[in-house]
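Shown below: structure.cif, with mmCIF, C-alpha atoms.
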```
data_entry
#
loop_
_atom_site.group_PDB
_atom_site.id
_atom_site.type_symbol
_atom_site.label_atom_id
_atom_site.label_comp_id
_atom_site.auth_asym_id
_atom_site.auth_seq_id
_atom_site.Cartn_x
_atom_site.Cartn_y
_atom_site.Cartn_z
ATOM 1 C CA MET A 183 88.314 58.403 125.819
ATOM 2 C CA SER A 184 91.779 57.043 125.070
ATOM 3 C CA LEU A 185 94.676 59.260 124.053
ATOM 4 C CA ARG A 186 94.984 57.365 120.756
ATOM 5 C CA ARG A 187 91.340 58.032 119.887
ATOM 6 C CA VAL A 188 91.686 61.722 120.722
ATOM 7 C CA ALA A 189 94.779 61.944 118.516
ATOM 8 C CA SER A 190 92.980 60.150 115.673
ATOM 9 C CA GLN A 191 89.980 62.499 115.857
ATOM 10 C CA SER A 192 92.292 65.510 115.919
ATOM 11 C CA VAL A 193 94.095 64.326 112.780
ATOM 12 C CA GLN A 194 90.769 63.759 111.013
ATOM 13 C CA TRP A 195 89.578 67.244 111.984
ATOM 14 C CA VAL A 196 92.761 68.839 110.628
ATOM 15 C CA ARG A 197 92.426 66.928 107.371
ATOM 16 C CA ARG A 198 88.810 68.040 106.989
ATOM 17 C CA GLN A 199 89.822 71.638 107.631
ATOM 18 C CA GLU A 200 92.627 71.415 105.077
ATOM 19 C CA GLY A 201 90.207 70.045 102.497
ATOM 20 C CA LEU A 202 87.719 72.829 103.195
ATOM 21 C CA VAL A 203 90.413 75.483 102.837
ATOM 22 C CA LEU A 204 91.626 73.988 99.557
ATOM 23 C CA LEU A 205 88.086 73.844 98.152
ATOM 24 C CA THR A 206 87.494 77.444 99.184
ATOM 25 C CA ALA A 207 90.743 78.560 97.581
ATOM 26 C CA LEU A 208 89.721 76.757 94.379
ATOM 27 C CA ALA A 209 86.349 78.532 94.454
ATOM 28 C CA VAL A 210 88.141 81.888 94.772
ATOM 29 C CA VAL A 211 90.328 81.104 91.768
ATOM 30 C CA LEU A 212 87.336 80.007 89.678
ATOM 31 C CA ALA A 213 85.340 83.107 90.646
ATOM 32 C CA LEU A 214 88.260 85.378 89.747
ATOM 33 C CA PHE A 215 88.684 83.578 86.433
ATOM 34 C CA ALA A 216 84.983 84.024 85.694
ATOM 35 C CA PHE A 217 85.158 87.739 86.513
ATOM 36 C CA ILE A 218 88.241 88.293 84.341
ATOM 37 C CA LYS A 219 86.749 86.295 81.450
ATOM 38 C CA VAL A 220 83.428 88.149 81.515
ATOM 39 C CA THR A 221 85.248 91.483 81.764
ATOM 40 C CA GLU A 222 87.465 90.706 78.793
ATOM 41 C CA GLU A 223 84.524 89.558 76.656
ATOM 42 C CA MET A 224 82.534 92.639 77.619
ATOM 43 C CA LEU A 225 85.354 95.065 76.813
ATOM 44 C CA GLU A 226 85.809 93.412 73.422
ATOM 45 C CA GLY A 227 82.093 93.772 72.679
ATOM 46 C CA ASP A 228 81.510 90.035 72.406
ATOM 47 C CA THR A 229 78.737 90.007 75.021
ATOM 48 C CA ARG A 230 76.639 92.833 73.584
ATOM 49 C CA ALA A 231 74.362 90.625 71.483
ATOM 50 C CA PHE A 232 73.642 88.324 74.421
ATOM 51 C CA ASP A 233 73.126 91.237 76.833
ATOM 52 C CA GLU A 234 70.657 93.032 74.601
ATOM 53 C CA TRP A 235 68.825 89.837 73.642
ATOM 54 C CA LEU A 236 68.184 88.883 77.268
ATOM 55 C CA LEU A 237 67.036 92.387 78.227
ATOM 56 C CA ARG A 238 64.597 92.473 75.310
ATOM 57 C CA SER A 239 63.369 88.954 76.084
ATOM 58 C CA LEU A 240 62.203 90.219 79.477
ATOM 59 C CA ARG A 241 59.881 92.747 77.783
ATOM 60 C CA ARG A 242 56.811 92.161 75.633
ATOM 61 C CA PRO A 243 57.543 91.997 71.883
ATOM 62 C CA GLY A 244 57.243 95.445 70.376
ATOM 63 C CA GLN A 245 56.599 96.986 73.828
ATOM 64 C CA PRO A 246 59.970 97.485 75.555
ATOM 65 C CA GLU A 247 58.301 99.538 78.279
ATOM 66 C CA VAL A 248 56.154 96.570 79.386
ATOM 67 C CA PRO A 249 57.875 93.719 81.295
ATOM 68 C CA ILE A 250 56.832 90.111 80.907
ATOM 69 C CA GLY A 251 55.042 88.395 83.766
ATOM 70 C CA PRO A 252 52.166 89.349 86.059
ATOM 71 C CA GLN A 253 51.538 92.936 87.146
ATOM 72 C CA TRP A 254 52.788 92.386 90.683
ATOM 73 C CA LEU A 255 56.203 91.163 89.532
ATOM 74 C CA ILE A 256 57.573 94.626 88.759
ATOM 75 C CA ALA A 257 56.630 95.827 92.257
ATOM 76 C CA ALA A 258 58.216 92.718 93.761
ATOM 77 C CA ALA A 259 61.413 93.302 91.752
ATOM 78 C CA ARG A 260 61.596 96.892 93.029
ATOM 79 C CA ASP A 261 61.198 95.661 96.615
ATOM 80 C CA ILE A 262 63.786 92.909 96.201
ATOM 81 C CA THR A 263 66.378 95.145 94.535
ATOM 82 C CA VAL A 264 66.369 97.386 97.624
ATOM 83 C CA LEU A 265 67.925 94.505 99.572
ATOM 84 C CA GLY A 266 71.147 95.161 97.649
ATOM 85 C CA GLY A 267 71.025 98.944 98.001
ATOM 86 C CA THR A 268 73.498 100.921 100.056
ATOM 87 C CA THR A 269 70.990 102.084 102.678
ATOM 88 C CA VAL A 270 69.600 98.635 103.460
ATOM 89 C CA LEU A 271 73.029 96.986 103.482
ATOM 90 C CA VAL A 272 74.439 99.655 105.814
ATOM 91 C CA VAL A 273 71.515 99.152 108.214
ATOM 92 C CA VAL A 274 71.976 95.371 108.088
ATOM 93 C CA LEU A 275 75.706 95.754 108.754
ATOM 94 C CA ILE A 276 75.220 98.147 111.663
ATOM 95 C CA LEU A 277 72.733 95.778 113.289
ATOM 96 C CA ALA A 278 74.954 92.750 112.682
ATOM 97 C CA VAL A 279 78.134 94.456 113.918
ATOM 98 C CA GLY A 280 76.277 95.749 116.973
ATOM 99 C CA TYR A 281 75.069 92.271 117.858
ATOM 100 C CA LEU A 282 78.511 90.718 117.394
ATOM 101 C CA ALA A 283 80.122 93.432 119.518
ATOM 102 C CA LEU A 284 77.597 93.051 122.333
ATOM 103 C CA ASP A 285 78.034 89.273 122.268
ATOM 104 C CA GLY A 286 81.828 89.547 122.405
ATOM 105 C CA LYS A 287 82.402 88.023 118.976
ATOM 106 C CA TYR A 288 84.986 90.621 117.991
ATOM 107 C CA ALA A 289 86.822 88.609 115.338
ATOM 108 C CA ALA A 290 83.552 87.954 113.500
ATOM 109 C CA MET A 291 82.652 91.622 113.893
ATOM 110 C CA TYR A 292 85.910 92.760 112.273
ATOM 111 C CA LEU A 293 85.514 90.178 109.501
ATOM 112 C CA VAL A 294 82.046 91.464 108.592
ATOM 113 C CA ALA A 295 83.070 95.133 108.750
ATOM 114 C CA VAL A 296 86.276 94.738 106.728
ATOM 115 C CA ALA A 297 84.690 92.448 104.134
ATOM 116 C CA ALA A 298 81.773 94.808 103.538
ATOM 117 C CA GLY A 299 83.806 98.020 103.592
ATOM 118 C CA GLY A 300 86.517 96.669 101.340
ATOM 119 C CA GLY A 301 83.992 95.154 98.946
ATOM 120 C CA GLY A 302 82.165 98.468 98.658
ATOM 121 C CA LEU A 303 85.345 100.374 97.856
ATOM 122 C CA LEU A 304 86.425 97.770 95.313
ATOM 123 C CA SER A 305 83.039 97.798 93.587
ATOM 124 C CA THR A 306 83.004 101.588 93.288
ATOM 125 C CA ALA A 307 86.581 101.702 92.010
ATOM 126 C CA MET A 308 85.901 99.103 89.308
ATOM 127 C CA LYS A 309 82.713 100.841 88.208
ATOM 128 C CA TYR A 310 84.447 104.137 87.505
ATOM 129 C CA LEU A 311 87.596 102.518 86.145
ATOM 130 C CA ILE A 312 85.681 100.486 83.539
ATOM 131 C CA GLY A 313 83.000 103.117 82.992
ATOM 132 C CA ARG A 314 80.413 101.060 81.093
ATOM 133 C CA GLU A 315 77.211 102.915 80.267
ATOM 134 C CA ARG A 316 73.855 101.702 81.553
ATOM 135 C CA PRO A 317 71.593 99.711 79.189
ATOM 136 C CA ASP A 318 69.654 101.848 76.722
ATOM 137 C CA VAL A 319 67.766 99.129 74.839
ATOM 138 C CA VAL A 320 64.875 99.059 77.344
ATOM 139 C CA PRO A 321 63.467 101.676 79.766
ATOM 140 C CA HIS A 322 64.668 101.622 83.382
ATOM 141 C CA PHE A 323 62.150 100.946 86.145
ATOM 142 C CA VAL A 324 64.305 102.455 88.911
ATOM 143 C CA ALA A 325 66.568 105.501 88.955
ATOM 144 C CA VAL A 326 70.315 104.912 88.503
ATOM 145 C CA ALA A 327 73.292 107.259 88.262
ATOM 146 C CA SER A 328 76.573 105.322 88.527
ATOM 147 C CA PRO A 329 78.338 103.318 85.774
ATOM 148 C CA SER A 330 77.045 99.847 85.016
ATOM 149 C CA PHE A 331 79.918 97.332 85.280
ATOM 150 C CA PRO A 332 80.075 95.453 87.574
ATOM 151 C CA SER A 333 76.674 95.544 89.254
ATOM 152 C CA GLY A 334 77.233 97.059 92.679
ATOM 153 C CA HIS A 335 73.977 95.650 94.027
ATOM 154 C CA SER A 336 74.929 92.139 92.924
ATOM 155 C CA MET A 337 78.495 92.330 94.204
ATOM 156 C CA LEU A 338 77.686 93.864 97.586
ATOM 157 C CA ALA A 339 74.726 91.554 98.139
ATOM 158 C CA ALA A 340 77.070 88.609 97.575
ATOM 159 C CA VAL A 341 79.744 90.078 99.851
ATOM 160 C CA VAL A 342 77.479 91.095 102.736
ATOM 161 C CA TYR A 343 74.990 88.245 102.757
ATOM 162 C CA LEU A 344 77.566 85.512 102.158
ATOM 163 C CA THR A 345 79.819 86.886 104.893
ATOM 164 C CA LEU A 346 76.919 87.139 107.338
ATOM 165 C CA GLY A 347 75.744 83.681 106.312
ATOM 166 C CA ALA A 348 79.188 82.244 107.029
ATOM 167 C CA VAL A 349 79.332 83.999 110.405
ATOM 168 C CA LEU A 350 75.878 82.795 111.436
ATOM 169 C CA ALA A 351 76.695 79.288 110.235
ATOM 170 C CA ARG A 352 79.798 79.356 112.448
ATOM 171 C CA PHE A 353 77.630 79.718 115.547
ATOM 172 C CA ALA A 354 75.019 77.122 114.542
ATOM 173 C CA ALA A 355 75.328 73.699 116.135
ATOM 174 C CA ARG A 356 73.387 71.692 113.539
ATOM 175 C CA ARG A 357 74.579 71.135 109.986
ATOM 176 C CA ARG A 358 71.122 71.712 108.517
ATOM 177 C CA VAL A 359 70.950 75.102 110.216
ATOM 178 C CA ARG A 360 74.368 76.038 108.811
ATOM 179 C CA THR A 361 73.224 74.905 105.380
ATOM 180 C CA TYR A 362 70.074 77.001 105.754
ATOM 181 C CA PHE A 363 72.039 80.173 106.545
ATOM 182 C CA LEU A 364 74.309 79.743 103.531
ATOM 183 C CA ALA A 365 71.395 78.844 101.241
ATOM 184 C CA VAL A 366 69.506 81.977 102.304
ATOM 185 C CA ALA A 367 72.599 84.105 101.655
ATOM 186 C CA LEU A 368 72.992 82.654 98.153
ATOM 187 C CA LEU A 369 69.268 83.094 97.444
ATOM 188 C CA LEU A 370 69.316 86.761 98.473
ATOM 189 C CA ALA A 371 72.344 87.472 96.276
ATOM 190 C CA PHE A 372 70.672 85.695 93.352
ATOM 191 C CA LEU A 373 67.363 87.537 93.743
ATOM 192 C CA VAL A 374 69.017 90.955 94.029
ATOM 193 C CA GLY A 375 71.128 90.408 90.912
ATOM 194 C CA SER A 376 68.221 89.016 88.899
ATOM 195 C CA SER A 377 66.038 91.982 89.858
ATOM 196 C CA ARG A 378 68.613 94.391 88.398
ATOM 197 C CA VAL A 379 68.327 92.756 84.975
ATOM 198 C CA TYR A 380 64.527 92.526 85.144
ATOM 199 C CA LEU A 381 64.319 96.231 85.997
ATOM 200 C CA GLY A 382 66.464 97.038 82.969
ATOM 201 C CA VAL A 383 69.216 98.880 84.849
ATOM 202 C CA HIS A 384 71.965 96.304 84.286
ATOM 203 C CA TYR A 385 73.139 94.063 81.496
ATOM 204 C CA PRO A 386 73.269 90.359 82.460
ATOM 205 C CA THR A 387 77.075 90.426 82.278
ATOM 206 C CA ASP A 388 77.122 93.289 84.797
ATOM 207 C CA VAL A 389 75.345 91.015 87.251
ATOM 208 C CA LEU A 390 77.445 87.941 86.451
ATOM 209 C CA SER A 391 80.622 89.924 87.039
ATOM 210 C CA GLY A 392 79.213 91.330 90.278
ATOM 211 C CA TRP A 393 78.359 87.876 91.558
ATOM 212 C CA ALA A 394 81.804 86.529 90.622
ATOM 213 C CA ALA A 395 83.678 89.439 92.199
ATOM 214 C CA GLY A 396 81.521 89.354 95.322
ATOM 215 C CA LEU A 397 81.968 85.615 95.764
ATOM 216 C CA ALA A 398 85.739 85.866 95.318
ATOM 217 C CA TRP A 399 85.972 88.742 97.792
ATOM 218 C CA ALA A 400 83.785 87.103 100.463
ATOM 219 C CA LEU A 401 85.592 83.763 100.238
ATOM 220 C CA GLY A 402 88.970 85.514 100.183
ATOM 221 C CA CYS A 403 88.112 87.324 103.409
ATOM 222 C CA TRP A 404 87.053 83.997 104.915
ATOM 223 C CA LEU A 405 90.416 82.460 103.988
ATOM 224 C CA ILE A 406 92.290 85.390 105.538
ATOM 225 C CA ALA A 407 90.247 84.999 108.721
ATOM 226 C CA ARG A 408 91.128 81.299 108.842
ATOM 227 C CA TYR A 409 94.813 82.078 108.344
ATOM 228 C CA LEU A 410 94.797 84.661 111.140
ATOM 229 C CA GLN A 411 92.962 82.180 113.312
ATOM 230 C CA TYR A 412 95.662 79.591 112.603
ATOM 231 C CA ARG A 413 98.375 82.123 113.508
ATOM 232 C CA GLY A 414 96.597 82.967 116.747
ATOM 233 C CA LYS A 415 95.780 86.533 115.699
ATOM 234 C CA VAL A 416 92.071 85.947 116.272
ATOM 235 C CA GLU A 417 90.214 83.715 118.689
ATOM 236 C CA PRO A 418 90.371 79.974 117.930
ATOM 237 C CA PRO A 419 87.198 77.954 117.199
ATOM 238 C CA GLY A 420 84.896 77.385 120.123
ATOM 239 C CA THR A 421 85.704 80.629 121.954
ATOM 240 C CA PRO A 422 83.798 83.928 122.041
ATOM 241 C CA GLY A 423 84.776 86.170 119.152
ATOM 242 C CA SER A 424 85.907 83.422 116.809
ATOM 243 C CA ALA A 425 85.594 84.151 113.108
ATOM 244 C CA ALA A 426 83.622 82.023 110.679
ATOM 245 C CA SER A 427 85.021 78.581 110.018
#
```

Rewrite the structure from the file as structure tokens, please.
Amino acid sequence: MSLRRVASQSVQWVRRQEGLVLLTALAVVLALFAFIKVTEEMLEGDTRAFDEWLLRSLRRPGQPEVPIGPQWLIAAARDITVLGGTTVLVVVLILAVGYLALDGKYAAMYLVAVAAGGGGLLSTAMKYLIGRERPDVVPHFVAVASPSFPSGHSMLAAVVYLTLGAVLARFAARRRVRTYFLAVALLLAFLVGSSRVYLGVHYPTDVLSGWAAGLAWALGCWLIARYLQYRGKVEPPGTPGSAAS
């Protein structure tokens, strides 16, 4: 392969990477804007009618204690919502971090740990700072104790599963496999958030804000990892321990 061709391919790769970084940065800005907008509307009371309407629409008319859909759906929602719970996410993180450590992928390991830990702290802080009460228009189908906004299950599911999806995609050789990992991560975050509304423990805007905050946090961590990679603070692409790219 000629030196000119190598140089041309290198320039094209850099340009593609720059475009990807810019698109990711734009996604972070849009997600932050969505979170701020939903939060403002919620605090002003402008979302209450929509929130209560959607919660009631998921129950039978005149029977708020009976959800719409087949009998098995409530059991399925309870099972799915556990995927965004603290216990399951901690187990998933421990297993993932253990694998990355044993395989020598230390940069990816730190990315996953910091993203998840920081996202959990941020979610808890926002919950108690905003202090929104849980929905009272329909009965709850699972026990809850913390404030409602934003949805911690939705936010942490987005943070953890999207970060893991990006890490796994980094080590996949085929594009369709990378796409599969990211699609599964998005699907899990969607199902967890939707289950919280169906179970009556969150307003829809709680979940929307959780998704937006989780997406912004996960993509922000990815951008930081790319910056550190560029500065040589973590392993470059193609070496053991490289962070998601």

Original post:
Distance atom CA of A:Glu315-atom CA of A:Pro329, one decimal place?
Top reply: 5.6 Å

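By chain and then residue number, the residues within 12 Å of A:Thr361 are Leu344, Gly347, Ala348, Leu350, Ala351, Arg352, Ala354, Ala355, Arg356, Arg357, Ala365, Val366, Ala367 and Leu368 of chain A, counting only C-alpha atoms and disregarding those fewer than 4 positions away in sequence.
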
Could those residues be written to a file, using C-alpha atoms, as a compact mmCIF listing (two decimals), keeping the file's coordinate frame?
```txt
# COMPACT_ATOMS: atom_id res chain seq x y z
CA LEU A 344 77.57 85.51 102.16
CA GLY A 347 75.74 83.68 106.31
CA ALA A 348 79.19 82.24 107.03
CA LEU A 350 75.88 82.80 111.44
CA ALA A 351 76.69 79.29 110.24
CA ARG A 352 79.80 79.36 112.45
CA ALA A 354 75.02 77.12 114.54
CA ALA A 355 75.33 73.70 116.14
CA ARG A 356 73.39 71.69 113.54
CA ARG A 357 74.58 71.14 109.99
CA ALA A 365 71.40 78.84 101.24
CA VAL A 366 69.51 81.98 102.30
CA ALA A 367 72.60 84.10 101.66
CA LEU A 368 72.99 82.65 98.15
```

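Between A:Ile218 and the candidates A:Leu410, A:Val349, A:Leu401, A:Pro332, the tightest atom-to-atom separation, counting only C-alpha atoms, involves A:Pro332.
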
Subject >> Proximity to A:Leu369 - best of A:Leu265, A:Ala289, A:Ala278, A:Leu304, all atoms listed in the file >> reply: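 The closest residue to A:Leu369 is A:Leu265.
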
**OP:** Determine, counting only C-alpha atoms, which protein, DNA and RNA residues have an atom within 10 Å of an atom of stretch 252-260 of chain A; residues of the same chain fewer than 6 positions away are not included. Present the result as number ranges by chain.
**Re:** A: 323-324, 373-374, 376-381

Take every atom of stretch 296-305 of chain A listed in the file, fit an axis-aligned box around them, add 4 Å per side, and give the centre and edge lengths in Å to one decimal as JSON.
```
{"center_x": 84.1, "center_y": 96.4, "center_z": 100.2, "size_x": 12.7, "size_y": 15.9, "size_z": 21.1}
```

Subject >> Atomic distance atom CA of A:Ala307 - atom CA of A:Gly280, expressed in Å with one decimal >> reply: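 Atom CA of A:Gly280 lies 27.7 Å from atom CA of A:Ala307.
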
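The interatomic distance for the pair atom CA of A:Gly227 and atom CA of A:Thr263 works out to 27.0 Å.
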
Just stretch 225-292 of chain A, please, as a PDB file, in the first residue's frame (only C-alpha atoms).
```
ATOM      1  CA  LEU A 225     -42.339  22.723  38.020  1.00  0.00           C
ATOM      2  CA  GLU A 226     -44.809  25.199  36.532  1.00  0.00           C
ATOM      3  CA  GLY A 227     -47.573  22.582  36.611  1.00  0.00           C
ATOM      4  CA  ASP A 228     -48.063  22.596  32.851  1.00  0.00           C
ATOM      5  CA  THR A 229     -47.538  18.837  32.502  1.00  0.00           C
ATOM      6  CA  ARG A 230     -49.976  17.718  35.194  1.00  0.00           C
ATOM      7  CA  ALA A 231     -52.965  17.280  32.883  1.00  0.00           C
ATOM      8  CA  PHE A 232     -50.945  15.199  30.427  1.00  0.00           C
ATOM      9  CA  ASP A 233     -49.333  13.130  33.200  1.00  0.00           C
ATOM     10  CA  GLU A 234     -52.616  12.261  34.865  1.00  0.00           C
ATOM     11  CA  TRP A 235     -54.399  11.610  31.566  1.00  0.00           C
ATOM     12  CA  LEU A 236     -51.796   9.076  30.433  1.00  0.00           C
ATOM     13  CA  LEU A 237     -51.745   7.283  33.795  1.00  0.00           C
ATOM     14  CA  ARG A 238     -55.536   6.985  33.783  1.00  0.00           C
ATOM     15  CA  SER A 239     -55.551   5.850  30.149  1.00  0.00           C
ATOM     16  CA  LEU A 240     -53.485   2.831  31.193  1.00  0.00           C
ATOM     17  CA  ARG A 241     -56.257   1.705  33.579  1.00  0.00           C
ATOM     18  CA  ARG A 242     -59.776   0.510  32.820  1.00  0.00           C
ATOM     19  CA  PRO A 243     -62.406   3.287  32.851  1.00  0.00           C
ATOM     20  CA  GLY A 244     -63.872   3.612  36.314  1.00  0.00           C
ATOM     21  CA  GLN A 245     -61.460   0.959  37.673  1.00  0.00           C
ATOM     22  CA  PRO A 246     -58.110   2.650  38.385  1.00  0.00           C
ATOM     23  CA  GLU A 247     -56.895  -0.459  40.195  1.00  0.00           C
ATOM     24  CA  VAL A 248     -57.180  -2.581  37.023  1.00  0.00           C
ATOM     25  CA  PRO A 249     -54.575  -2.038  34.257  1.00  0.00           C
ATOM     26  CA  ILE A 250     -55.428  -2.343  30.592  1.00  0.00           C
ATOM     27  CA  GLY A 251     -54.102  -5.297  28.633  1.00  0.00           C
ATOM     28  CA  PRO A 252     -53.917  -9.040  29.264  1.00  0.00           C
ATOM     29  CA  GLN A 253     -53.462 -10.493  32.747  1.00  0.00           C
ATOM     30  CA  TRP A 254     -49.844 -11.476  32.175  1.00  0.00           C
ATOM     31  CA  LEU A 255     -48.782  -7.933  31.280  1.00  0.00           C
ATOM     32  CA  ILE A 256     -48.683  -6.679  34.869  1.00  0.00           C
ATOM     33  CA  ALA A 257     -46.401  -9.572  35.862  1.00  0.00           C
ATOM     34  CA  ALA A 258     -44.199  -8.883  32.843  1.00  0.00           C
ATOM     35  CA  ALA A 259     -43.996  -5.179  33.760  1.00  0.00           C
ATOM     36  CA  ARG A 260     -42.916  -6.085  37.304  1.00  0.00           C
ATOM     37  CA  ASP A 261     -40.201  -8.373  35.917  1.00  0.00           C
ATOM     38  CA  ILE A 262     -38.988  -5.794  33.405  1.00  0.00           C
ATOM     39  CA  THR A 263     -38.886  -2.924  35.905  1.00  0.00           C
ATOM     40  CA  VAL A 264     -36.416  -4.914  38.025  1.00  0.00           C
ATOM     41  CA  LEU A 265     -33.873  -4.526  35.215  1.00  0.00           C
ATOM     42  CA  GLY A 266     -33.587  -0.858  36.202  1.00  0.00           C
ATOM     43  CA  GLY A 267     -33.441  -1.493  39.947  1.00  0.00           C
ATOM     44  CA  THR A 268     -30.371  -0.849  42.046  1.00  0.00           C
ATOM     45  CA  THR A 269     -29.708  -4.501  42.904  1.00  0.00           C
ATOM     46  CA  VAL A 270     -29.811  -5.778  39.327  1.00  0.00           C
ATOM     47  CA  LEU A 271     -27.776  -2.865  37.967  1.00  0.00           C
ATOM     48  CA  VAL A 272     -25.109  -3.305  40.658  1.00  0.00           C
ATOM     49  CA  VAL A 273     -24.837  -7.020  39.830  1.00  0.00           C
ATOM     50  CA  VAL A 274     -24.603  -6.241  36.107  1.00  0.00           C
ATOM     51  CA  LEU A 275     -21.906  -3.635  36.771  1.00  0.00           C
ATOM     52  CA  ILE A 276     -19.862  -5.921  39.010  1.00  0.00           C
ATOM     53  CA  LEU A 277     -19.933  -8.672  36.388  1.00  0.00           C
ATOM     54  CA  ALA A 278     -19.085  -6.253  33.578  1.00  0.00           C
ATOM     55  CA  VAL A 279     -16.268  -4.538  35.494  1.00  0.00           C
ATOM     56  CA  GLY A 280     -14.878  -7.925  36.520  1.00  0.00           C
ATOM     57  CA  TYR A 281     -14.790  -9.111  32.925  1.00  0.00           C
ATOM     58  CA  LEU A 282     -13.146  -5.915  31.678  1.00  0.00           C
ATOM     59  CA  ALA A 283     -10.533  -6.075  34.438  1.00  0.00           C
ATOM     60  CA  LEU A 284      -9.694  -9.717  33.750  1.00  0.00           C
ATOM     61  CA  ASP A 285      -9.423  -8.994  30.026  1.00  0.00           C
ATOM     62  CA  GLY A 286      -7.119  -6.020  30.606  1.00  0.00           C
ATOM     63  CA  LYS A 287      -9.554  -3.437  29.258  1.00  0.00           C
ATOM     64  CA  TYR A 288      -8.908  -1.000  32.093  1.00  0.00           C
ATOM     65  CA  ALA A 289      -9.970   2.200  30.335  1.00  0.00           C
ATOM     66  CA  ALA A 290     -13.349   0.669  29.480  1.00  0.00           C
ATOM     67  CA  MET A 291     -13.619  -0.611  33.044  1.00  0.00           C
ATOM     68  CA  TYR A 292     -13.073   2.868  34.504  1.00  0.00           C
TER      69      TYR A 292
END
```
